[in-house]
file final_35.cif (mmCIF, C-alpha atoms and all ligand atoms)
data_protein
#
loop_
_atom_site.group_PDB
_atom_site.id
_atom_site.type_symbol
_atom_site.label_atom_id
_atom_site.label_comp_id
_atom_site.auth_asym_id
_atom_site.auth_seq_id
_atom_site.Cartn_x
_atom_site.Cartn_y
_atom_site.Cartn_z
ATOM 1 C CA MET L 1342 120.659 94.429 56.827
ATOM 2 C CA ALA L 1343 120.347 96.427 60.060
ATOM 3 C CA LEU L 1344 116.902 97.522 61.188
ATOM 4 C CA ILE L 1345 118.289 101.017 61.773
ATOM 5 C CA GLU L 1346 121.644 102.313 60.690
ATOM 6 C CA CYS L 1347 122.948 105.725 61.732
ATOM 7 C CA LYS L 1348 125.992 106.688 59.760
ATOM 8 C CA ASN L 1349 128.065 109.760 60.650
ATOM 9 C CA VAL L 1350 124.961 111.529 61.857
ATOM 10 C CA THR L 1351 125.102 115.115 63.059
ATOM 11 C CA LEU L 1352 121.980 116.569 64.656
ATOM 12 C CA ALA L 1353 121.544 120.266 65.272
ATOM 13 C CA TYR L 1354 119.025 122.963 66.083
ATOM 14 C CA GLU L 1355 119.725 125.809 63.690
ATOM 15 C CA LYS L 1356 123.525 125.766 63.711
ATOM 16 C CA ASN L 1357 123.704 124.511 67.296
ATOM 17 C CA VAL L 1358 125.158 121.007 67.045
ATOM 18 C CA VAL L 1359 123.781 118.553 69.631
ATOM 19 C CA LEU L 1360 125.288 115.277 68.377
ATOM 20 C CA GLU L 1361 128.181 115.025 65.978
ATOM 21 C CA ASP L 1362 129.318 112.261 63.694
ATOM 22 C CA LEU L 1363 127.346 109.548 65.474
ATOM 23 C CA SER L 1364 127.412 106.042 64.008
ATOM 24 C CA PHE L 1365 125.659 102.944 65.308
ATOM 25 C CA GLU L 1366 123.298 100.271 64.135
ATOM 26 C CA VAL L 1367 120.422 98.327 65.601
ATOM 27 C CA ASN L 1368 119.784 94.823 64.354
ATOM 28 C CA GLU L 1369 116.704 92.692 64.684
ATOM 29 C CA GLY L 1370 116.381 91.297 68.205
ATOM 30 C CA ASP L 1371 118.755 93.839 69.774
ATOM 31 C CA TYR L 1372 117.943 95.592 73.029
ATOM 32 C CA LEU L 1373 119.716 98.939 73.003
ATOM 33 C CA CYS L 1374 119.892 101.268 76.001
ATOM 34 C CA ILE L 1375 120.614 104.914 75.254
ATOM 35 C CA ILE L 1376 122.084 106.673 78.263
ATOM 36 C CA GLY L 1377 123.687 110.044 78.969
ATOM 37 C CA GLU L 1378 123.219 113.014 81.219
ATOM 38 C CA ASN L 1379 120.490 115.613 80.700
ATOM 39 C CA GLY L 1380 121.099 117.661 77.583
ATOM 40 C CA SER L 1381 123.319 115.025 75.978
ATOM 41 C CA GLY L 1382 120.919 114.660 73.050
ATOM 42 C CA LYS L 1383 118.913 111.516 73.820
ATOM 43 C CA SER L 1384 115.514 113.012 72.976
ATOM 44 C CA THR L 1385 116.884 114.691 69.880
ATOM 45 C CA LEU L 1386 118.240 111.352 68.689
ATOM 46 C CA MET L 1387 114.879 109.708 69.404
ATOM 47 C CA LYS L 1388 113.158 112.330 67.220
ATOM 48 C CA ALA L 1389 115.626 111.598 64.437
ATOM 49 C CA LEU L 1390 115.029 107.828 64.712
ATOM 50 C CA LEU L 1391 111.302 108.469 64.503
ATOM 51 C CA GLY L 1392 111.857 110.473 61.342
ATOM 52 C CA LEU L 1393 110.691 113.690 63.000
ATOM 53 C CA LYS L 1394 114.035 115.438 62.709
ATOM 54 C CA ALA L 1395 116.335 115.368 59.699
ATOM 55 C CA PRO L 1396 120.086 115.054 60.293
ATOM 56 C CA LEU L 1397 122.223 118.051 59.411
ATOM 57 C CA ARG L 1398 124.785 115.584 58.041
ATOM 58 C CA GLY L 1399 124.943 111.814 57.691
ATOM 59 C CA THR L 1400 122.203 109.274 57.110
ATOM 60 C CA ILE L 1401 119.670 107.280 59.083
ATOM 61 C CA THR L 1402 118.568 104.224 57.155
ATOM 62 C CA ARG L 1403 115.733 101.882 58.022
ATOM 63 C CA GLY L 1404 116.211 98.357 56.783
ATOM 64 C CA ASP L 1405 114.209 95.150 56.597
ATOM 65 C CA GLY L 1406 111.166 96.921 55.164
ATOM 66 C CA LEU L 1407 110.726 98.948 58.346
ATOM 67 C CA MET L 1408 108.429 101.869 57.564
ATOM 68 C CA ARG L 1409 108.537 105.093 59.523
ATOM 69 C CA ASN L 1410 105.118 104.419 60.997
ATOM 70 C CA GLN L 1411 106.095 100.900 62.027
ATOM 71 C CA ILE L 1412 108.074 102.116 64.994
ATOM 72 C CA GLY L 1413 106.141 101.764 68.240
ATOM 73 C CA TYR L 1414 106.863 104.747 70.446
ATOM 74 C CA LEU L 1415 106.299 105.168 74.155
ATOM 75 C CA PRO L 1416 106.834 108.838 74.997
ATOM 76 C CA GLN L 1417 107.669 110.050 78.484
ATOM 77 C CA GLN L 1418 104.564 110.099 80.685
ATOM 78 C CA THR L 1419 102.795 113.411 80.961
ATOM 79 C CA GLY L 1420 99.987 114.491 83.280
ATOM 80 C CA VAL L 1421 97.550 114.679 80.388
ATOM 81 C CA GLN L 1422 98.119 111.057 79.413
ATOM 82 C CA LYS L 1423 97.534 109.915 82.981
ATOM 83 C CA ASP L 1424 94.027 111.385 82.899
ATOM 84 C CA PHE L 1425 92.934 109.880 79.591
ATOM 85 C CA PRO L 1426 89.166 109.226 80.034
ATOM 86 C CA ALA L 1427 88.862 105.982 78.066
ATOM 87 C CA SER L 1428 88.882 102.247 78.631
ATOM 88 C CA VAL L 1429 92.072 100.231 78.424
ATOM 89 C CA PHE L 1430 90.861 98.559 75.240
ATOM 90 C CA GLU L 1431 90.121 101.911 73.593
ATOM 91 C CA VAL L 1432 93.535 103.274 74.488
ATOM 92 C CA VAL L 1433 95.340 100.188 73.136
ATOM 93 C CA LEU L 1434 93.183 100.119 70.014
ATOM 94 C CA SER L 1435 93.929 103.768 69.251
ATOM 95 C CA GLY L 1436 97.504 102.641 68.501
ATOM 96 C CA CYS L 1437 96.149 100.945 65.378
ATOM 97 C CA LEU L 1438 95.283 104.325 63.886
ATOM 98 C CA ASN L 1439 98.965 105.028 63.331
ATOM 99 C CA GLY L 1440 99.455 105.316 59.594
ATOM 100 C CA SER L 1441 96.082 103.914 58.582
ATOM 101 C CA GLY L 1442 94.475 107.328 58.225
ATOM 102 C CA TRP L 1443 91.202 108.328 59.855
ATOM 103 C CA ARG L 1444 88.459 105.751 59.860
ATOM 104 C CA PRO L 1445 85.131 105.906 61.689
ATOM 105 C CA PHE L 1446 85.575 102.326 62.937
ATOM 106 C CA TYR L 1447 88.246 99.753 63.633
ATOM 107 C CA THR L 1448 88.503 96.582 61.610
ATOM 108 C CA ARG L 1449 88.162 93.138 63.122
ATOM 109 C CA ALA L 1450 91.878 92.558 62.479
ATOM 110 C CA GLN L 1451 92.805 95.739 64.340
ATOM 111 C CA LYS L 1452 90.693 94.713 67.315
ATOM 112 C CA GLN L 1453 92.398 91.332 67.332
ATOM 113 C CA THR L 1454 95.819 92.996 67.185
ATOM 114 C CA ALA L 1455 94.880 95.113 70.205
ATOM 115 C CA LEU L 1456 93.725 92.013 72.126
ATOM 116 C CA ASP L 1457 96.911 90.113 71.213
ATOM 117 C CA ASN L 1458 99.065 92.966 72.432
ATOM 118 C CA MET L 1459 97.089 93.228 75.669
ATOM 119 C CA ALA L 1460 97.799 89.537 76.234
ATOM 120 C CA LYS L 1461 101.523 90.113 75.655
ATOM 121 C CA LEU L 1462 101.516 92.788 78.353
ATOM 122 C CA ASN L 1463 99.348 90.805 80.811
ATOM 123 C CA ILE L 1464 96.538 93.351 80.831
ATOM 124 C CA THR L 1465 93.714 91.331 79.260
ATOM 125 C CA ALA L 1466 91.826 91.334 82.560
ATOM 126 C CA LEU L 1467 91.906 95.143 82.568
ATOM 127 C CA LYS L 1468 90.237 95.425 79.158
ATOM 128 C CA ASN L 1469 87.191 97.392 80.340
ATOM 129 C CA ALA L 1470 88.887 99.261 83.175
ATOM 130 C CA CYS L 1471 89.150 103.016 82.974
ATOM 131 C CA TYR L 1472 92.673 103.964 82.001
ATOM 132 C CA ARG L 1473 92.968 106.897 84.415
ATOM 133 C CA GLU L 1474 92.114 104.719 87.390
ATOM 134 C CA LEU L 1475 95.045 102.360 86.823
ATOM 135 C CA SER L 1476 98.341 102.391 88.675
ATOM 136 C CA GLY L 1477 101.366 103.972 86.998
ATOM 137 C CA GLY L 1478 102.812 100.566 86.127
ATOM 138 C CA GLN L 1479 99.552 99.352 84.610
ATOM 139 C CA GLN L 1480 99.237 102.559 82.588
ATOM 140 C CA GLN L 1481 102.724 102.055 81.153
ATOM 141 C CA ARG L 1482 101.810 98.515 80.134
ATOM 142 C CA VAL L 1483 98.695 99.831 78.387
ATOM 143 C CA LEU L 1484 100.779 102.391 76.509
ATOM 144 C CA ILE L 1485 103.319 99.757 75.461
ATOM 145 C CA ALA L 1486 100.498 97.527 74.201
ATOM 146 C CA ARG L 1487 99.245 100.596 72.308
ATOM 147 C CA ALA L 1488 102.689 101.255 70.838
ATOM 148 C CA LEU L 1489 102.900 97.618 69.752
ATOM 149 C CA CYS L 1490 99.798 98.098 67.615
ATOM 150 C CA ALA L 1491 101.984 100.151 65.289
ATOM 151 C CA THR L 1492 104.662 97.500 65.025
ATOM 152 C CA GLY L 1493 105.667 93.927 65.484
ATOM 153 C CA LYS L 1494 109.274 94.929 65.069
ATOM 154 C CA LEU L 1495 110.664 97.882 66.922
ATOM 155 C CA LEU L 1496 109.769 99.628 70.172
ATOM 156 C CA LEU L 1497 111.230 102.975 71.214
ATOM 157 C CA LEU L 1498 110.758 103.565 74.916
ATOM 158 C CA ASP L 1499 111.550 106.923 76.495
ATOM 159 C CA GLU L 1500 112.206 106.568 80.234
ATOM 160 C CA PRO L 1501 109.562 103.866 80.697
ATOM 161 C CA VAL L 1502 109.970 103.342 84.453
ATOM 162 C CA THR L 1503 110.183 106.970 85.558
ATOM 163 C CA GLY L 1504 107.874 107.549 88.519
ATOM 164 C CA LEU L 1505 107.215 103.856 89.130
ATOM 165 C CA ASP L 1506 107.955 102.148 92.431
ATOM 166 C CA PRO L 1507 110.629 99.415 92.456
ATOM 167 C CA VAL L 1508 108.124 96.543 92.199
ATOM 168 C CA ALA L 1509 106.265 98.096 89.262
ATOM 169 C CA SER L 1510 109.589 98.967 87.586
ATOM 170 C CA GLY L 1511 110.810 95.397 87.993
ATOM 171 C CA GLU L 1512 107.614 94.026 86.464
ATOM 172 C CA LEU L 1513 107.850 96.405 83.540
ATOM 173 C CA TYR L 1514 111.479 95.444 82.884
ATOM 174 C CA GLU L 1515 110.467 91.770 82.938
ATOM 175 C CA LEU L 1516 107.744 92.419 80.380
ATOM 176 C CA ILE L 1517 110.109 94.365 78.136
ATOM 177 C CA ASP L 1518 112.601 91.466 78.364
ATOM 178 C CA HIS L 1519 109.808 89.077 77.445
ATOM 179 C CA LEU L 1520 108.779 91.139 74.403
ATOM 180 C CA ASN L 1521 112.398 91.219 73.293
ATOM 181 C CA ARG L 1522 113.285 87.569 73.890
ATOM 182 C CA ALA L 1523 110.027 85.683 73.335
ATOM 183 C CA HIS L 1524 108.446 87.871 70.666
ATOM 184 C CA GLY L 1525 111.636 89.014 68.934
ATOM 185 C CA ILE L 1526 110.756 92.684 69.266
ATOM 186 C CA THR L 1527 113.729 94.982 68.947
ATOM 187 C CA VAL L 1528 113.911 97.475 71.806
ATOM 188 C CA ILE L 1529 115.529 100.903 71.989
ATOM 189 C CA MET L 1530 115.192 102.430 75.432
ATOM 190 C CA ILE L 1531 116.285 105.793 76.788
ATOM 191 C CA THR L 1532 116.943 105.453 80.488
ATOM 192 C CA HIS L 1533 118.532 107.050 83.531
ATOM 193 C CA ASP L 1534 118.028 103.862 85.481
ATOM 194 C CA THR L 1535 121.364 102.347 84.497
ATOM 195 C CA ALA L 1536 121.727 99.949 87.441
ATOM 196 C CA ALA L 1537 118.510 98.100 86.572
ATOM 197 C CA ALA L 1538 118.401 98.545 82.823
ATOM 198 C CA LEU L 1539 121.946 97.903 81.646
ATOM 199 C CA PRO L 1540 122.198 94.265 82.784
ATOM 200 C CA ARG L 1541 119.188 93.484 80.605
ATOM 201 C CA CYS L 1542 120.238 95.069 77.329
ATOM 202 C CA THR L 1543 122.460 93.704 74.582
ATOM 203 C CA HIS L 1544 123.938 97.033 73.449
ATOM 204 C CA ILE L 1545 124.669 100.408 74.999
ATOM 205 C CA LEU L 1546 124.853 103.833 73.402
ATOM 206 C CA HIS L 1547 126.291 106.297 75.893
ATOM 207 C CA LEU L 1548 126.091 109.870 74.642
ATOM 208 C CA HIS L 1549 128.798 111.771 76.405
ATOM 209 C CA ARG L 1550 130.051 115.006 74.926
ATOM 210 C CA ASP L 1551 132.762 114.034 72.435
ATOM 211 C CA THR L 1552 133.414 110.517 73.775
ATOM 212 C CA THR L 1553 130.387 108.513 72.831
ATOM 213 C CA PHE L 1554 130.385 104.775 73.478
ATOM 214 C CA PHE L 1555 128.495 102.358 71.294
ATOM 215 C CA GLY L 1556 128.943 98.645 71.538
ATOM 216 C CA ARG L 1557 127.953 95.414 73.168
ATOM 217 C CA ARG L 1558 127.098 95.553 76.822
ATOM 218 C CA GLU L 1559 130.005 93.252 77.716
ATOM 219 C CA ASP L 1560 132.474 95.803 76.355
ATOM 220 C CA TYR L 1561 131.020 98.778 78.207
ATOM 221 C CA ALA L 1562 132.658 98.123 81.581
ATOM 222 C CA GLN L 1563 136.082 98.568 79.961
ATOM 223 C CA CYS L 1564 135.376 101.877 78.275
ATOM 224 C CA SER L 1565 136.531 105.293 79.354
ATOM 225 C CA VAL L 1566 133.062 106.868 79.324
ATOM 226 C CA CYS L 1567 131.871 104.346 81.871
ATOM 227 C CA VAL L 1568 134.829 105.161 84.093
ATOM 228 C CA GLU L 1569 134.169 108.897 83.900
ATOM 229 C CA THR L 1570 130.512 108.468 84.727
ATOM 230 C CA LEU L 1571 131.342 106.436 87.793
ATOM 231 C CA ASP L 1572 133.910 108.982 88.929
ATOM 232 C CA ALA L 1573 131.356 111.731 88.553
ATOM 233 C CA ALA L 1574 128.992 109.688 90.702
ATOM 234 C CA GLY L 1575 131.467 110.038 93.551
ATOM 235 C CA HIS L 1576 133.358 106.770 93.637
ATOM 236 C CA PRO L 1577 136.557 107.166 95.653
ATOM 237 C CA GLU L 1578 139.825 106.987 93.810
ATOM 238 C CA VAL L 1579 142.788 105.148 95.293
ATOM 239 C CA PRO L 1580 146.080 106.381 93.819
ATOM 240 C CA GLY L 1581 147.854 103.607 91.960
ATOM 241 C CA GLU L 1582 144.796 101.385 91.925
ATOM 242 C CA LYS L 1583 142.830 103.457 89.506
ATOM 243 C CA GLU L 1584 142.436 100.931 86.747
ATOM 244 C CA HIS L 1585 141.575 98.097 89.047
ATOM 245 C CA MET L 1586 139.091 100.206 90.987
ATOM 246 C CA HIS L 1587 137.293 101.409 87.927
ATOM 247 C CA HIS L 1588 136.910 97.964 86.591
ATOM 248 C CA GLU L 1589 135.384 96.781 89.833
ATOM 249 C CA CYS L 1590 133.131 99.812 90.099
ATOM 250 C CA CYS L 1591 131.810 99.230 86.631
ATOM 251 C CA GLU L 1592 131.052 95.621 87.260
ATOM 252 C CA HIS L 1593 129.510 96.298 90.622
ATOM 253 C CA HIS L 1594 127.460 99.197 89.342
ATOM 254 C CA ILE L 1595 126.056 97.337 86.374
ATOM 255 C CA HIS L 1596 125.627 93.948 88.079
ATOM 256 C CA PHE L 1597 126.599 91.858 85.072
HETATM 257 P P1 LIG L 1601 118.401 114.871 76.554
HETATM 258 O O1 LIG L 1601 117.164 114.214 76.030
HETATM 259 O O2 LIG L 1601 119.593 113.971 76.600
HETATM 260 O O3 LIG L 1601 118.171 115.556 77.883
HETATM 261 P P2 LIG L 1601 117.937 116.807 74.458
HETATM 262 O O4 LIG L 1601 117.968 116.075 73.171
HETATM 263 O O5 LIG L 1601 116.598 117.157 75.025
HETATM 264 O O6 LIG L 1601 118.826 116.025 75.536
HETATM 265 O O7 LIG L 1601 118.747 118.165 74.298
HETATM 266 C C1 LIG L 1601 120.047 118.230 73.735
HETATM 267 C C2 LIG L 1601 120.424 119.700 73.520
HETATM 268 O O8 LIG L 1601 119.598 120.252 72.508
HETATM 269 C C3 LIG L 1601 120.259 120.585 74.751
HETATM 270 O O9 LIG L 1601 121.328 121.474 74.793
HETATM 271 C C4 LIG L 1601 118.973 121.307 74.499
HETATM 272 O O10 LIG L 1601 118.992 122.570 75.093
HETATM 273 C C5 LIG L 1601 118.933 121.411 72.977
HETATM 274 N N1 LIG L 1601 117.546 121.391 72.481
HETATM 275 C C6 LIG L 1601 116.626 120.437 72.710
HETATM 276 N N2 LIG L 1601 115.475 120.697 72.067
HETATM 277 C C7 LIG L 1601 115.685 121.878 71.407
HETATM 278 C C8 LIG L 1601 114.871 122.690 70.550
HETATM 279 N N3 LIG L 1601 113.615 122.356 70.239
HETATM 280 N N4 LIG L 1601 115.423 123.820 70.055
HETATM 281 C C9 LIG L 1601 116.691 124.168 70.350
HETATM 282 N N5 LIG L 1601 117.508 123.452 71.143
HETATM 283 C C10 LIG L 1601 117.008 122.319 71.667
#
call {"tool": "encode", "arguments": {"input": "final_35.cif", "output": "C-alpha cells"}}
result
Amino acid sequence: MALIECKNVTLAYEKNVVLEDLSFEVNEGDYLCIIGENGSGKSTLMKALLGLKAPLRGTITRGDGLMRNQIGYLPQQTGVQKDFPASVFEVVLSGCLNGSGWRPFYTRAQKQTALDNMAKLNITALKNACYRELSGGQQQRVLIARALCATGKLLLLDEPVTGLDPVASGELYELIDHLNRAHGITVIMITHDTAAALPRCTHILHLHRDTTFFGRREDYAQCSVCVETLDAAGHPEVPGEKEHMHHECCEHHIHF
C-alpha cells in the first residue's frame, strides 16, 4: 500500500479552486520533487498532505500505519526561526514533542532519538552550540534532524536550500540523498531549484495549470509540461527542429 495516495483531489479556498482532480501516490523509499511556478498550489498541497487542509473533493489516504503526526515537516525558513535562542540539542529534541502532548521533561528514549538524528545529519559536534549562531546550512540540518524526531518514515521539505550558498546547498542535497537511500526515509520536497534537485529524485510532480505531470523522473524529459517550462525560460526555438531541441534542452537542463 502507498504511504500517501491522493485520488482525484481538488483543493480550494472558499470556492476558489487551486488544484483540480489531482492524483498521485508516494511509496516507501520514493523521493518526490514537487515543482511549479509561484501560485501553482505547492504550499496548499503541502498543507493537505499534512492534514491541515481538507480536500474539497477526492481523498488523501495515508497507508502503512502512517499517522498524521508521523510526517516530519521542514517549513520554509523564516527570520524568527533563524534567531531561535536555544542549543542545537534543544532545538532537535523539541521535535519529539510532536504528538506526545506537553510534558515537563523528555524521556531517555526521546533524547536518544534526538542524538541519533543529529548523527544522521552530521551535527553531533554542534550539540551544545547556539542555534542562532550557526550558518544557514547548519541551521537547516538542525531543523531536518528536528523534523526526523517526528518520523522515521516521511519527510516533507519546503524549499530546503533557499538562501544557501552552492556549497551548503550541495551538502544539504547529499544529506537528503543519504537519508533517502541509506535510511529508507521517503522524501517529498517542494523546490524551485530544478537543475540541482531533479537529478536526485525518483518522481516528479509538476503542478502546471491544467497540465500537471506526475511520474518517474525518467519520463519527465518527454512530457509537454517540461517542454513548456523550458520555452518559458527562454530557450531558442529552431523551426522544424522543435521536438529534437526540446528533448535536448530537457536533458541538458536536468542533467540526467
Ligand atoms: P505556491 O506554493 O505554488 O506558490 P500556493 O499554494 O501558495 O502556491 O497558492 C496557490 C493559490 O492559492 C494562489 O492563487 C494563492 O493566491 C491562493 N491562496 C494561497 N493561500 C490562500 C489562502 N489562505 N486563502 C485564499 N487563497 C489562498
call {"tool": "residues_near_ligand", "arguments": {"input": "final_35.cif", "ligand": "ligand LIG 1601 (chain L)", "cutoff": "10 Å", "atoms": "all atoms listed in the file", "output": "PyMOL selection string"}}
result
chain L and resi 1352-1360+1375-1388+1499+1531-1533+1548-1549
call {"tool": "resolve_selection", "arguments": {"input": "final_35.cif", "expression": "the PyMOL selection byres (((chain L and resi 1348) around 10) and not hetatm)", "output": "list in words"}}
result
Ile1345, Glu1346, Cys1347, Asn1349, Val1350, Thr1351, Asp1362, Leu1363, Ser1364, Phe1365, Glu1366, Arg1398, Gly1399, Thr1400, Ile1401 and Thr1402 of chain L
call {"tool": "resolve_selection", "arguments": {"input": "final_35.cif", "expression": "the PyMOL selection byres (((chain L and resi 1414) around 7) and not hetatm)", "output": "ChimeraX atom specification"}}
result
/L:1412-1413,1415-1416,1488,1496-1498
call {"tool": "atom_distance", "arguments": {"input": "final_35.cif", "atom1": "CA of Ser1476 (chain L)", "atom2": "CA of Gly1504 (chain L)"}}
result
10.8 Å
call {"tool": "closest_residue", "arguments": {"input": "final_35.cif", "among": "L:Phe1430, L:Met1408, L:Ala1491, L:Gln1479", "to": "Gly1392 (chain L)", "atoms": "only C-alpha atoms"}}
result
L:Met1408
call {"tool": "resolve_selection", "arguments": {"input": "final_35.cif", "expression": "the PyMOL selection byres (((chain L and resi 1544) around 12) and not hetatm)", "output": "number ranges by chain"}}
result
L: 1365-1368, 1370-1376, 1527-1530, 1538-1543, 1545-1547, 1554-1562
call {"tool": "atom_distance", "arguments": {"input": "final_35.cif", "atom1": "CA of Ala1523 (chain L)", "atom2": "CA of Arg1487 (chain L)"}}
result
18.4 Å
call {"tool": "residues_around", "arguments": {"input": "final_35.cif", "residues": "Asn1463 (chain L)", "least_positions_apart": "5", "cutoff": "9 Å", "atoms": "all atoms listed in the file", "output": "number ranges by chain"}}
result
L: 1458, 1482, 1516
call {"tool": "atom_distance", "arguments": {"input": "final_35.cif", "atom1": "CA of Ala1427 (chain L)", "atom2": "CA of Val1502 (chain L)"}}
result
22.2 Å
call {"tool": "residues_around", "arguments": {"input": "final_35.cif", "residues": "Val1429 (chain L)", "least_positions_apart": "3", "cutoff": "6 Å", "atoms": "all atoms listed in the file", "output": "JSON, numbers by chain"}}
result
{"L": [1432, 1468, 1469, 1470, 1472]}
call {"tool": "closest_residue", "arguments": {"input": "final_35.cif", "among": "L:Ala1455, L:Asp1424, L:Gly1404, L:Thr1552", "to": "Ala1343 (chain L)", "atoms": "all atoms listed in the file"}}
result
L:Gly1404
call {"tool": "axis_aligned_box", "arguments": {"input": "final_35.cif", "around": "region 1397-1404 of chain L", "padding_each_side": "4 Å", "output": "AutoDock Vina command-line options"}}
result
--center_x 120.3 --center_y 108.2 --center_z 58.1 --size_x 17.2 --size_y 27.7 --size_z 10.6
